[in-house]
>>> print(open('final_14.txt').read())   # compact mmCIF, C-alpha atoms
# COMPACT_ATOMS: atom_id res chain seq x y z
CA MET G 133 -23.65 175.82 56.24
CA ALA G 134 -20.72 176.01 58.62
CA THR G 135 -20.19 173.09 60.94
CA ALA G 136 -18.91 173.40 64.50
CA ALA G 137 -15.18 172.77 64.82
CA GLU G 138 -14.20 169.44 66.34
CA PRO G 139 -13.30 170.15 69.98
CA LEU G 140 -9.64 169.61 70.81
CA THR G 141 -9.17 166.52 72.87
CA ILE G 142 -6.47 164.03 73.73
CA THR G 143 -6.43 160.74 71.91
CA ILE G 144 -4.62 157.48 72.45
CA SER G 145 -3.77 155.24 69.53
CA GLU G 146 -4.80 151.60 69.55
CA ASN G 147 -1.16 150.55 69.69
CA ALA G 148 -0.48 152.79 72.70
CA ALA G 149 -3.68 151.65 74.39
CA ASN G 150 -2.64 148.01 74.00
CA HIS G 151 0.70 148.72 75.65
CA VAL G 152 -0.93 150.74 78.43
CA GLY G 153 -3.28 147.84 79.09
CA ALA G 154 -0.39 145.38 79.22
CA PHE G 155 1.67 147.60 81.55
CA MET G 156 -1.31 148.18 83.83
CA SER G 157 -2.03 144.47 84.07
CA SER G 158 1.60 143.71 84.88
CA GLU G 159 1.46 146.31 87.66
CA GLY G 160 -1.77 144.86 89.01
CA LYS G 161 -3.78 147.94 88.07
CA ALA G 162 -5.89 146.54 85.28
CA ASN G 163 -8.81 148.75 86.33
CA GLY G 164 -6.66 151.79 86.95
CA VAL G 165 -6.41 155.14 85.27
CA LEU G 166 -3.62 156.54 83.10
CA ARG G 167 -2.71 159.97 84.40
CA VAL G 168 -1.36 162.13 81.58
CA GLY G 169 0.15 165.49 82.34
CA VAL G 170 3.08 167.85 82.12
CA LYS G 171 5.44 169.30 84.71
CA GLY G 172 7.91 172.14 84.67
CA GLY G 173 11.47 171.26 83.76
CA GLY G 174 13.42 169.46 81.10
CA CYS G 175 15.58 171.38 78.62
CA SER G 176 12.61 172.92 76.83
CA GLY G 177 10.63 173.87 79.93
CA LEU G 178 7.79 171.34 80.04
CA THR G 179 8.13 167.58 80.50
CA TYR G 180 5.50 164.94 79.76
CA VAL G 181 4.32 162.81 82.66
CA LEU G 182 2.62 159.40 82.51
CA ASP G 183 1.52 157.58 85.64
CA PHE G 184 -0.78 154.72 86.54
CA VAL G 185 -3.13 155.66 89.39
CA ASP G 186 -6.06 153.97 91.06
CA ASP G 187 -8.52 156.85 90.66
CA ALA G 188 -8.89 160.16 88.88
CA ARG G 189 -9.26 163.40 90.84
CA GLU G 190 -12.59 165.21 90.91
CA THR G 191 -11.20 168.11 88.91
CA ASP G 192 -9.54 165.97 86.22
CA LYS G 193 -10.73 165.84 82.66
CA ILE G 194 -11.58 162.22 81.88
CA ILE G 195 -11.24 160.69 78.42
CA ILE G 196 -12.05 157.05 77.72
CA GLN G 197 -10.74 155.67 74.47
CA ASN G 198 -9.60 152.28 73.15
CA GLY G 199 -10.38 150.77 76.52
CA VAL G 200 -8.11 153.14 78.47
CA THR G 201 -9.25 155.82 80.92
CA LEU G 202 -7.11 158.93 80.71
CA ALA G 203 -7.12 161.51 83.52
CA ILE G 204 -5.67 164.93 82.79
CA ASP G 205 -5.44 167.84 85.23
CA LYS G 206 -6.87 171.09 83.90
CA LYS G 207 -3.61 173.00 83.70
CA SER G 208 -1.84 170.19 81.84
CA TYR G 209 -4.80 169.95 79.47
CA ILE G 210 -4.10 173.47 78.24
CA PHE G 211 -0.70 172.29 76.97
CA LEU G 212 -1.90 168.88 75.76
CA ALA G 213 -5.16 169.62 73.96
CA GLY G 214 -5.00 168.01 70.53
CA THR G 215 -2.24 165.58 71.50
CA GLU G 216 -2.20 161.98 70.29
CA LEU G 217 -0.46 159.51 72.57
CA ASP G 218 1.18 156.87 70.42
CA TYR G 219 3.65 154.06 70.98
CA SER G 220 6.78 153.28 69.02
CA GLY G 221 8.08 149.80 69.74
CA GLY G 222 10.96 147.67 68.53
CA LEU G 223 14.72 148.01 68.94
CA ASN G 224 14.78 151.58 67.69
CA GLY G 225 11.44 152.52 69.20
CA LYS G 226 11.02 155.41 71.58
CA GLY G 227 8.22 153.98 73.69
CA PHE G 228 5.31 156.32 74.31
CA ILE G 229 5.30 159.33 72.02
CA PHE G 230 3.35 162.55 72.45
CA ASN G 231 2.32 164.00 69.10
CA ASN G 232 1.53 167.42 70.52
CA PRO G 233 0.43 170.13 68.08
CA ASN G 234 1.08 172.79 70.77
CA ALA G 235 4.79 171.95 71.00
CA LYS G 236 6.75 174.54 69.05
CA LYS G 237 10.13 173.20 70.13
CA ALA G 238 11.38 169.98 71.68
CA CYS G 239 14.69 169.05 73.25
CA GLY G 240 17.07 166.61 71.59
CA CYS G 241 15.81 163.59 73.48
CA GLY G 242 12.17 164.54 72.91
CA THR G 243 11.09 164.32 76.54
CA SER G 244 10.48 168.02 77.00
CA PHE G 245 8.86 170.71 74.92
CA SER G 246 7.95 174.38 74.88
CA VAL G 247 4.85 176.07 73.53
CA MET V 249 32.75 200.28 102.74
CA ARG V 250 36.02 199.19 101.19
CA ASP V 251 37.99 200.16 104.27
CA ALA V 252 35.66 199.45 107.17
CA CYS V 253 32.00 198.49 107.23
CA GLY V 254 28.96 199.82 105.47
CA VAL V 255 25.30 199.07 105.92
CA VAL V 256 23.11 199.39 102.86
CA VAL V 257 19.34 199.65 102.86
CA ARG V 258 18.14 197.19 100.23
CA ASP V 259 14.39 197.50 100.73
CA GLU V 260 13.87 200.84 99.04
CA ALA V 261 12.53 200.88 95.49
CA PRO V 262 13.43 198.98 93.49
CA ALA V 263 13.73 196.60 96.42
CA THR V 264 15.37 193.21 96.32
CA GLY V 265 12.51 190.73 96.29
CA ARG V 266 12.21 188.64 99.42
CA LEU V 267 10.24 185.47 98.94
CA PHE V 268 9.55 182.66 101.39
CA ILE V 269 9.10 179.32 99.66
CA THR V 270 7.69 176.20 101.27
CA GLY V 271 6.30 172.86 100.18
CA GLU V 272 7.47 169.28 99.74
CA ASP V 273 8.12 169.77 96.03
CA ALA V 274 9.60 173.28 96.20
CA LEU V 275 13.27 172.29 96.00
CA ASP V 276 12.62 169.72 93.28
CA LEU V 277 10.73 172.25 91.17
CA LEU V 278 13.51 174.82 91.58
CA ASN V 279 16.03 172.11 90.67
CA ARG V 280 14.13 171.47 87.43
CA LEU V 281 13.79 175.15 86.54
CA THR V 282 17.17 176.59 87.50
CA THR V 283 20.85 176.06 86.76
CA ASN V 284 22.38 174.96 90.05
CA LYS V 285 22.15 171.56 91.72
CA LEU V 286 19.36 171.76 94.28
CA GLU V 287 18.70 168.13 95.07
CA VAL V 288 19.45 168.75 98.74
CA LEU V 289 19.64 172.04 100.61
CA PRO V 290 20.28 171.41 104.31
CA GLU V 291 18.84 173.78 106.90
CA GLY V 292 21.06 176.85 107.08
CA GLN V 293 22.67 176.30 103.66
CA GLY V 294 22.65 179.06 101.05
CA ILE V 295 23.18 178.86 97.29
CA THR V 296 22.71 180.96 94.17
CA THR V 297 21.01 179.66 91.04
CA VAL V 298 19.79 181.13 87.77
CA ILE V 299 16.27 180.82 86.41
CA THR V 300 16.67 180.32 82.68
CA ASN V 301 13.99 180.18 80.01
CA PRO V 302 13.82 177.43 77.35
CA SER V 303 16.22 179.49 75.21
CA GLY V 304 18.78 179.55 77.99
CA ARG V 305 18.24 183.27 78.65
CA VAL V 306 18.25 184.66 82.17
CA VAL V 307 14.93 185.27 83.91
CA ASP V 308 16.67 186.13 87.17
CA LEU V 309 19.51 185.24 89.50
CA LEU V 310 18.14 183.82 92.76
CA ALA V 311 19.82 183.49 96.13
CA LEU V 312 18.28 180.77 98.31
CA ALA V 313 18.80 179.88 101.94
CA ALA V 314 17.08 176.97 103.69
CA LEU V 315 15.75 178.28 106.99
CA ASP V 316 12.56 178.38 109.07
CA ASN V 317 11.38 175.09 107.50
CA GLY V 318 11.35 176.65 104.07
CA MET V 319 13.59 178.72 101.83
CA TRP V 320 14.24 182.42 101.93
CA SER V 321 14.90 183.71 98.46
CA LEU V 322 16.35 187.01 97.30
CA THR V 323 15.50 188.14 93.77
CA SER V 324 17.06 190.96 91.81
CA PRO V 325 15.68 194.42 92.65
CA GLY V 326 12.14 194.72 91.36
CA TYR V 327 11.96 191.07 90.24
CA ALA V 328 9.85 189.50 92.99
CA GLN V 329 6.67 189.31 90.91
CA THR V 330 8.55 188.10 87.83
CA VAL V 331 9.93 185.16 89.81
CA ILE V 332 6.58 184.42 91.44
CA ASP V 333 4.83 184.41 88.06
CA TRP V 334 7.52 182.21 86.52
CA LEU V 335 7.29 179.61 89.28
CA ASP V 336 3.50 179.72 89.13
CA MET V 337 3.51 179.14 85.37
CA TYR V 338 5.52 175.94 85.83
CA THR V 339 3.64 174.66 88.87
CA PHE V 340 1.18 171.90 87.99
CA ALA V 341 0.59 169.32 90.71
CA GLU V 342 3.53 170.30 92.90
CA ASP V 343 3.24 171.12 96.58
CA ILE V 344 4.84 174.57 96.62
CA THR V 345 3.82 177.89 98.16
CA VAL V 346 5.62 181.12 97.34
CA VAL V 347 4.87 184.05 99.63
CA ASP V 348 6.04 187.53 98.70
CA ARG V 349 7.57 188.94 101.91
CA THR V 350 9.00 192.02 100.22
CA ASP V 351 6.55 194.45 101.81
CA ASP V 352 6.48 193.07 105.33
CA THR V 353 10.22 192.55 105.82
CA PHE V 354 13.25 194.81 105.79
CA HIS V 355 16.54 193.96 104.12
CA LEU V 356 19.89 195.40 105.09
CA THR V 357 23.31 194.37 103.78
CA VAL V 358 26.42 194.78 105.93
CA ALA V 359 29.63 194.62 103.91
CA GLY V 360 33.28 195.56 104.17
CA PRO V 361 36.40 194.31 105.97
CA SER V 362 34.99 194.88 109.46
CA ALA V 363 31.50 193.57 108.71
CA LEU V 364 31.92 190.52 110.93
CA SER V 365 33.16 192.49 113.94
CA THR V 366 30.23 194.89 113.50
CA ILE V 367 27.76 192.01 113.40
CA VAL V 368 29.39 190.35 116.40
CA ALA V 369 29.15 193.60 118.34
CA CYS V 370 25.39 193.50 117.77
CA THR V 371 24.99 189.76 118.40
CA PRO V 372 27.55 188.70 121.00
CA ASN V 373 26.59 185.04 120.77
CA LEU V 374 27.68 184.79 117.13
CA ARG V 375 31.23 183.54 116.71
CA LYS V 376 31.38 182.46 113.11
CA LEU V 377 28.98 182.10 110.21
CA PRO V 378 30.53 180.30 107.21
CA LEU V 379 30.06 181.76 103.74
CA ASP V 380 26.76 180.73 102.10
CA THR V 381 25.03 179.88 105.34
CA ALA V 382 22.15 181.52 107.16
CA THR V 383 20.88 181.44 110.70
CA ARG V 384 18.24 182.92 112.96
CA LEU V 385 19.38 185.21 115.78
CA GLU V 386 18.53 188.49 117.47
CA ILE V 387 19.88 191.97 116.90
CA ALA V 388 18.65 194.51 119.46
CA ASN V 389 16.22 191.90 120.78
CA THR V 390 14.74 191.62 117.29
CA PRO V 391 14.62 188.21 115.59
CA VAL V 392 16.29 188.37 112.18
CA VAL V 393 17.68 186.14 109.46
CA LEU V 394 21.44 186.60 109.18
CA TRP V 395 22.79 185.27 105.90
CA ARG V 396 26.42 185.42 104.85
CA ARG V 397 26.96 185.41 101.10
CA LEU V 398 28.70 187.19 98.25
CA SER V 399 26.42 190.20 98.05
CA GLY V 400 27.43 193.03 95.78
CA GLY V 401 30.15 190.65 94.63
CA SER V 402 31.92 190.46 97.97
CA ASP V 403 31.66 188.77 101.36
CA ALA V 404 28.71 190.34 103.17
CA TYR V 405 25.91 189.74 105.65
CA GLU V 406 22.27 190.03 104.65
CA ILE V 407 19.84 190.85 107.45
CA ILE V 408 16.11 190.23 106.97
CA GLY V 409 13.50 190.92 109.62
CA ASP V 410 10.04 192.28 110.25
CA VAL V 411 9.63 195.67 108.63
CA ASP V 412 8.53 197.32 111.89
CA GLN V 413 11.96 196.61 113.39
CA ARG V 414 14.02 198.05 110.56
CA GLU V 415 14.99 201.34 112.22
CA THR V 416 15.92 199.62 115.48
CA VAL V 417 18.24 197.17 113.73
CA LEU V 418 19.67 199.86 111.45
CA ALA V 419 20.42 202.14 114.40
CA THR V 420 22.08 199.27 116.25
CA LEU V 421 24.35 198.49 113.30
CA ILE V 422 25.32 202.15 112.90
CA GLY V 423 25.92 202.35 116.63
CA ALA V 424 28.28 199.39 116.29
CA GLY V 425 30.37 201.22 113.69
CA ALA V 426 28.75 200.63 110.32
CA ASP V 427 28.50 203.61 107.98
CA LEU V 428 25.16 204.18 106.32
CA THR V 429 25.98 203.63 102.65
CA SER V 430 24.02 205.18 99.81
CA ALA V 431 22.53 203.24 96.92
CA THR V 432 25.00 205.03 94.62
CA ALA V 433 27.97 203.92 96.71
CA TRP V 434 26.59 200.36 96.78
CA GLU V 435 26.30 200.40 93.00
CA ALA V 436 29.92 201.53 92.73
CA TYR V 437 30.92 198.74 95.13
CA ARG V 438 29.09 196.19 92.96
CA ILE V 439 30.79 197.41 89.81
CA VAL V 440 34.27 197.41 91.33
CA ASN V 441 33.65 193.87 92.60
CA GLY V 442 32.56 192.78 89.13
CA MET V 443 29.14 191.60 90.28
CA PRO V 444 26.72 191.37 87.32
CA ALA V 445 23.27 192.90 87.76
CA VAL V 446 19.91 192.30 86.13
CA ASP V 447 19.02 194.44 83.10
CA ALA V 448 22.66 195.52 82.88
CA GLU V 449 24.89 192.46 82.63
CA PHE V 450 22.21 189.74 82.46
CA GLY V 451 18.56 189.37 81.59
CA LEU V 452 16.38 187.98 78.85
CA PHE V 453 18.80 189.51 76.35
CA ASN V 454 21.59 187.01 77.14
CA ASN V 455 22.52 183.75 78.81
CA PRO V 456 24.24 183.25 82.18
CA LEU V 457 27.47 182.11 80.50
CA GLU V 458 27.94 185.57 78.98
CA ALA V 459 27.37 187.12 82.40
CA ARG V 460 29.89 184.63 83.84
CA LEU V 461 27.53 183.29 86.44
CA LEU V 462 29.32 179.95 86.29
CA GLY V 463 29.38 179.67 90.07
CA SER V 464 25.60 179.36 89.92
CA ILE V 465 25.55 176.71 87.18
CA SER V 466 25.99 172.97 87.67
CA GLU V 467 27.41 171.03 84.73
CA THR V 468 26.54 167.67 86.23
CA LYS V 469 22.96 167.96 87.44
CA GLY V 470 21.23 166.86 84.25
CA CYS V 471 18.25 168.49 82.58
CA TYR V 472 16.80 171.82 83.59
CA THR V 473 15.04 174.42 81.50
CA GLY V 474 17.55 175.87 79.04
CA GLN V 475 20.23 173.27 79.87
CA GLU V 476 20.59 171.82 76.39
CA ILE V 477 21.32 175.21 74.86
CA LEU V 478 23.79 176.20 77.57
CA ALA V 479 25.58 172.85 77.27
CA ARG V 480 25.91 173.30 73.51
CA LEU V 481 27.25 176.84 73.88
CA GLN V 482 29.90 175.60 76.29
CA THR V 483 30.78 172.41 74.44
CA TYR V 484 31.22 174.09 71.08
CA ASN V 485 32.75 177.24 72.53
CA LYS V 486 29.98 179.40 71.07
CA VAL V 487 29.46 181.87 73.90
CA GLN V 488 29.36 185.12 71.96
CA ARG V 489 30.28 187.63 74.67
CA ARG V 490 31.94 187.62 78.06
CA LEU V 491 31.56 189.91 81.01
CA MET V 492 34.77 191.84 81.66
CA ALA V 493 35.77 194.57 84.09
CA VAL V 494 37.09 197.72 82.40
CA ASP V 495 39.31 200.61 83.43
CA LEU V 496 38.38 203.68 81.42
CA ASP V 497 40.00 207.06 80.95
CA THR V 498 36.69 208.93 80.71
CA LEU V 499 33.25 208.64 82.28
CA VAL V 500 30.94 207.57 79.48
CA ALA V 501 27.31 206.53 79.38
CA VAL V 502 26.05 202.99 79.87
CA GLY V 503 25.55 201.52 76.42
CA THR V 504 28.65 203.16 74.99
CA LYS V 505 30.17 200.96 72.30
CA LEU V 506 33.63 199.47 72.46
CA MET V 507 35.57 199.05 69.24
CA SER V 508 38.57 196.97 68.26
CA HIS V 509 41.58 198.77 66.80
CA GLU V 510 40.39 197.58 63.40
CA GLY V 511 37.15 199.49 63.99
CA ARG V 512 34.99 196.42 64.62
CA ASN V 513 32.27 196.28 67.22
CA ALA V 514 33.77 194.71 70.35
CA GLY V 515 30.93 195.09 72.84
CA GLN V 516 29.46 197.72 75.09
CA ILE V 517 29.66 199.25 78.54
CA THR V 518 26.95 197.84 80.79
CA SER V 519 27.72 199.60 84.10
CA ILE V 520 30.05 202.45 84.99
CA THR V 521 31.13 204.44 88.04
CA GLN V 522 33.63 207.12 89.01
CA THR V 523 35.83 205.99 91.91
CA PRO V 524 38.82 207.59 93.67
CA ASP V 525 40.94 205.12 91.68
CA GLY V 526 39.52 206.18 88.33
CA VAL V 527 36.60 205.25 86.14
CA LYS V 528 35.59 201.60 86.55
CA GLY V 529 33.04 199.71 84.57
CA LEU V 530 31.66 196.41 83.42
CA ALA V 531 31.24 195.46 79.80
CA LEU V 532 29.95 192.61 77.69
CA VAL V 533 32.80 192.05 75.26
CA THR V 534 32.99 189.89 72.13
CA SER V 535 34.51 186.61 73.33
CA LYS V 536 37.48 186.69 70.92
CA LEU V 537 38.54 190.07 72.31
CA ALA V 538 37.71 189.40 75.95
CA ILE V 539 41.31 189.01 77.06
CA VAL V 540 42.85 190.55 80.16
CA GLY V 541 45.11 193.48 79.24
CA VAL V 542 43.54 194.15 75.85
CA THR V 543 42.78 197.82 75.24
CA LEU V 544 39.68 198.68 73.26
CA ALA V 545 38.64 202.00 71.79
CA VAL V 546 35.66 203.74 73.35
CA ASP V 547 33.26 205.20 70.82
CA PRO V 548 33.71 208.10 70.00
CA ALA V 549 36.85 208.74 72.10
CA GLY V 550 38.90 207.19 74.88
CA THR V 551 40.16 203.74 75.78
CA ALA V 552 39.04 200.83 77.96
CA THR V 553 41.45 198.26 79.37
CA LEU V 554 40.01 194.83 80.08
CA LEU V 555 40.39 193.09 83.45
CA GLU V 556 38.93 189.99 85.05
CA PRO V 557 35.81 190.76 87.11
CA ALA V 558 36.58 189.79 90.72
CA TYR V 559 33.22 188.07 91.29
CA ALA V 560 33.66 185.82 88.27
CA LEU V 561 37.18 184.91 89.34
CA ALA V 562 35.97 184.06 92.83
CA THR V 563 33.04 181.93 91.70
CA GLU V 564 33.97 180.31 88.37
CA VAL V 565 34.44 176.84 89.80
CA MET V 566 32.69 174.09 87.90
CA ASP V 567 31.31 171.20 89.87
CA GLY V 568 32.64 167.82 89.01
>>> encode(input="final_14.txt", output="structure tokens")
Amino acid sequence: MATAAEPLTITISENAANHVGAFMSSEGKANGVLRVGVKGGGCSGLTYVLDFVDDARETDKIIIQNGVTLAIDKKSYIFLAGTELDYSGGLNGKGFIFNNPNAKKACGCGTSFSV
Amino acid sequence: MRDACGVVVRDEAPATGRLFITGEDALDLLNRLTTNKLEVLPEGQGITTVITNPSGRVVDLLALAALDNGMWSLTSPGYAQTVIDWLDMYTFAEDITVVDRTDDTFHLTVAGPSALSTIVACTPNLRKLPLDTATRLEIANTPVVLWRRLSGGSDAYEIIGDVDQRETVLATLIGAGADLTSATAWEAYRIVNGMPAVDAEFGLFNNPLEARLLGSISETKGCYTGQEILARLQTYNKVQRRLMAVDLDTLVAVGTKLMSHEGRNAGQITSITQTPDGVKGLALVTSKLAIVGVTLAVDPAGTATLLEPAYALATEVMDG
């Protein structure tokens, strides 16, 4: 019997969630929301956006995982569905990383992508 | 037009697109999506910039002028909706509104050596309008946007106003000495001035470096869509073709191939016109052969001598 496909969502790794929590606390927004989105621009056309905000918008898609509340606007969600937000630390780390299955091409520095 | 002053109707199909863009984030979004530096555009200032796709190919060449608490924008003929759709695709949370004013405005271009004196005769209060600036004034008691820029590849004045007032303004310009210039004559003027045009010299089939739109590209602004590819092409000298002006000995069709003397493909004619001074054209030529004075064979017969396009020479100044 066929099972329903797992719906595409956005996930945040435990490591990334820990760093988000620490950054939010240091900014005095421990109960805030992590806004995840994209904007036009960057070499490949679309650039990832991360922002700490006090509240989500009514139209946002809300995902709560590993103790972090993510808010994603609907248009950005189209380009981010299936993405895992991870964190790469250390001297050679890149910070927050978007493992986005929709990204067909990324620029050299990895901050922008095209679908 | 070359000797005196011509007025060209630009709002007949395919009309230049006339967009009015407002919003707090409008300039920033355009800065992220296009090739020129648009961090600040003071009221009255004009600029040209190229919308490029992630592959560095040309979506369109835009002329912008900050005026009326927003930006007037001229697209290539027939490209208003393409530009609107492109900006919409890349608008997420930005405060930007793009209104298509193509149908409710007229657009005339006044060009030629006596263009300024013709304009002044119609608007006595105007003394001087620097290149790449725009202002609001009245012609025949009709409020219009007057915008001085390199249009058709040469110094010219764009006039934009409410469509109902088009005939009044046109008649006033003709009464002041401007000759009504046909679309065919305007096309010849563009070609002689070496001004690249959409779907001929640039488009999604090439990048703005091949079309020599360097005057509309900033090398110092940082990332914009397509920037990485354009920077690589420039840095490693990998631009495959270059726009050149050509003098031909026969009138051939657009698309005619140019060949080296060894019989290799050297490019193709992209625009062509018969003038009193002979057959003039524009061509995208293989970079290695794109040298002033080189003569290429025209397939199947004839020759084409390469020259620098005047517009490229006038605008190829890199920002520092």
>>> atom_distance(input="final_14.txt", atom1="atom CA of Ser508 of chain V", atom2="atom CA of Leu544 of chain V")
5.4 Å
>>> atom_distance(input="final_14.txt", atom1="atom CA of Arg512 of chain V", atom2="atom CA of Val540 of chain V")
18.4 Å
>>> closest_residue(input="final_14.txt", among="V:Pro302, V:Pro325, V:Pro262, V:Gly511", to="Thr179 of chain G", atoms="only C-alpha atoms")
V:Pro302
>>> closest_atom_pairs(input="final_14.txt", of="chain V", to="chain G", cutoff="9 Å", atoms="all atoms listed in the file", output="tab-separated table")
residue	atom	partner	partner_atom	distance
V:Leu277	CA	G:Gly172	CA	7.1
V:Leu278	CA	G:Gly173	CA	8.8
V:Asn279	CA	G:Gly173	CA	8.3
V:Arg280	CA	G:Gly173	CA	4.5
V:Leu281	CA	G:Gly173	CA	5.3
V:Thr282	CA	G:Gly173	CA	8.7
V:Asn301	CA	G:Gly177	CA	7.1
V:Pro302	CA	G:Ser176	CA	4.7
V:Ser303	CA	G:Ser176	CA	7.7
V:Gly304	CA	G:Cys175	CA	8.8
V:Leu335	CA	G:Gly172	CA	8.8
V:Met337	CA	G:Gly172	CA	8.3
V:Tyr338	CA	G:Gly172	CA	4.6
V:Thr339	CA	G:Gly172	CA	6.5
V:Phe340	CA	G:Lys171	CA	6.0
V:Ala341	CA	G:Lys171	CA	7.7
V:Glu342	CA	G:Lys171	CA	8.5
V:Gly470	CA	G:Gly174	CA	8.8
V:Cys471	CA	G:Gly174	CA	5.1
V:Tyr472	CA	G:Gly174	CA	4.8
V:Thr473	CA	G:Cys175	CA	4.2
V:Gly474	CA	G:Cys175	CA	4.9
V:Gln475	CA	G:Cys175	CA	5.2
V:Glu476	CA	G:Cys175	CA	5.5
V:Ile477	CA	G:Cys175	CA	7.9
>>> closest_residue(input="final_14.txt", among="V:Val411, V:Leu554, V:Leu491, V:Met507", to="Pro391 of chain V", atoms="only C-alpha atoms")
V:Val411
>>> atom_distance(input="final_14.txt", atom1="atom CA of Ser466 of chain V", atom2="atom CA of Arg490 of chain V")
18.5 Å
>>> axis_aligned_box(input="final_14.txt", around="segment 343-349 of chain V", padding_each_side="3 Å", output="AutoDock Vina command-line options")
--center_x 5.4 --center_y 180.0 --center_z 99.2 --size_x 10.3 --size_y 23.8 --size_z 11.3
>>> residues_near_point(input="final_14.txt", point="(19.9, 178.0, 89.4)", cutoff="9 Å", atoms="all atoms listed in the file", output="list in words")
Leu278, Asn279, Arg280, Leu281, Thr282, Thr283, Asn284, Lys285, Leu286, Ile295, Thr296, Thr297, Val298, Ile299, Thr300, Leu309, Leu310, Ala311, Ser464, Ile465 and Ser466 of chain V
>>> write_last_selection(input="final_14.txt", atoms="C-alpha atoms", output="PDB file, in the frame of the given file")
ATOM      1  CA  LEU V 278      13.510 174.820  91.580  1.00  0.00           C
ATOM      2  CA  ASN V 279      16.030 172.110  90.670  1.00  0.00           C
ATOM      3  CA  ARG V 280      14.130 171.470  87.430  1.00  0.00           C
ATOM      4  CA  LEU V 281      13.790 175.150  86.540  1.00  0.00           C
ATOM      5  CA  THR V 282      17.170 176.590  87.500  1.00  0.00           C
ATOM      6  CA  THR V 283      20.850 176.060  86.760  1.00  0.00           C
ATOM      7  CA  ASN V 284      22.380 174.960  90.050  1.00  0.00           C
ATOM      8  CA  LYS V 285      22.150 171.560  91.720  1.00  0.00           C
ATOM      9  CA  LEU V 286      19.360 171.760  94.280  1.00  0.00           C
ATOM     10  CA  ILE V 295      23.180 178.860  97.290  1.00  0.00           C
ATOM     11  CA  THR V 296      22.710 180.960  94.170  1.00  0.00           C
ATOM     12  CA  THR V 297      21.010 179.660  91.040  1.00  0.00           C
ATOM     13  CA  VAL V 298      19.790 181.130  87.770  1.00  0.00           C
ATOM     14  CA  ILE V 299      16.270 180.820  86.410  1.00  0.00           C
ATOM     15  CA  THR V 300      16.670 180.320  82.680  1.00  0.00           C
ATOM     16  CA  LEU V 309      19.510 185.240  89.500  1.00  0.00           C
ATOM     17  CA  LEU V 310      18.140 183.820  92.760  1.00  0.00           C
ATOM     18  CA  ALA V 311      19.820 183.490  96.130  1.00  0.00           C
ATOM     19  CA  SER V 464      25.600 179.360  89.920  1.00  0.00           C
ATOM     20  CA  ILE V 465      25.550 176.710  87.180  1.00  0.00           C
ATOM     21  CA  SER V 466      25.990 172.970  87.670  1.00  0.00           C
TER      22      SER V 466
END
>>> residues_around(input="final_14.txt", residues="Ala388 of chain V", least_positions_apart="2", cutoff="9 Å", atoms="all atoms listed in the file", output="list of chain:residue names")
V:Cys370, V:Thr371, V:Glu386, V:Thr390, V:Pro391, V:Thr416, V:Val417, V:Thr420
>>> build_atoms(input="final_14.txt", residues="segment 144-154 of chain G", atoms="N, CA and C atoms", output="JSON list (two decimals), in the coordinates of the input")
[["chain", "number", "residue", "atom", "x", "y", "z"],
["G", 144, "ILE", "N", -5.64, 158.51, 72.25],
["G", 144, "ILE", "CA", -4.62, 157.48, 72.45],
["G", 144, "ILE", "C", -4.78, 156.46, 71.34],
["G", 145, "SER", "N", -3.69, 156.16, 70.65],
["G", 145, "SER", "CA", -3.77, 155.24, 69.53],
["G", 145, "SER", "C", -4.04, 153.82, 70.04],
["G", 146, "GLU", "N", -4.51, 152.97, 69.14],
["G", 146, "GLU", "CA", -4.80, 151.60, 69.55],
["G", 146, "GLU", "C", -3.53, 150.90, 70.03],
["G", 147, "ASN", "N", -2.44, 151.17, 69.32],
["G", 147, "ASN", "CA", -1.16, 150.55, 69.69],
["G", 147, "ASN", "C", -0.74, 150.98, 71.10],
["G", 148, "ALA", "N", -0.84, 152.29, 71.37],
["G", 148, "ALA", "CA", -0.48, 152.79, 72.70],
["G", 148, "ALA", "C", -1.42, 152.22, 73.76],
["G", 149, "ALA", "N", -2.70, 152.16, 73.42],
["G", 149, "ALA", "CA", -3.68, 151.65, 74.39],
["G", 149, "ALA", "C", -3.38, 150.20, 74.74],
["G", 150, "ASN", "N", -2.98, 149.41, 73.73],
["G", 150, "ASN", "CA", -2.64, 148.01, 74.00],
["G", 150, "ASN", "C", -1.47, 147.90, 74.98],
["G", 151, "HIS", "N", -0.47, 148.74, 74.76],
["G", 151, "HIS", "CA", 0.70, 148.72, 75.65],
["G", 151, "HIS", "C", 0.35, 149.22, 77.04],
["G", 152, "VAL", "N", -0.50, 150.25, 77.11],
["G", 152, "VAL", "CA", -0.93, 150.74, 78.43],
["G", 152, "VAL", "C", -1.65, 149.63, 79.17],
["G", 153, "GLY", "N", -2.54, 148.93, 78.46],
["G", 153, "GLY", "CA", -3.28, 147.84, 79.09],
["G", 153, "GLY", "C", -2.34, 146.76, 79.62],
["G", 154, "ALA", "N", -1.33, 146.42, 78.81],
["G", 154, "ALA", "CA", -0.39, 145.38, 79.22],
["G", 154, "ALA", "C", 0.42, 145.83, 80.44]]
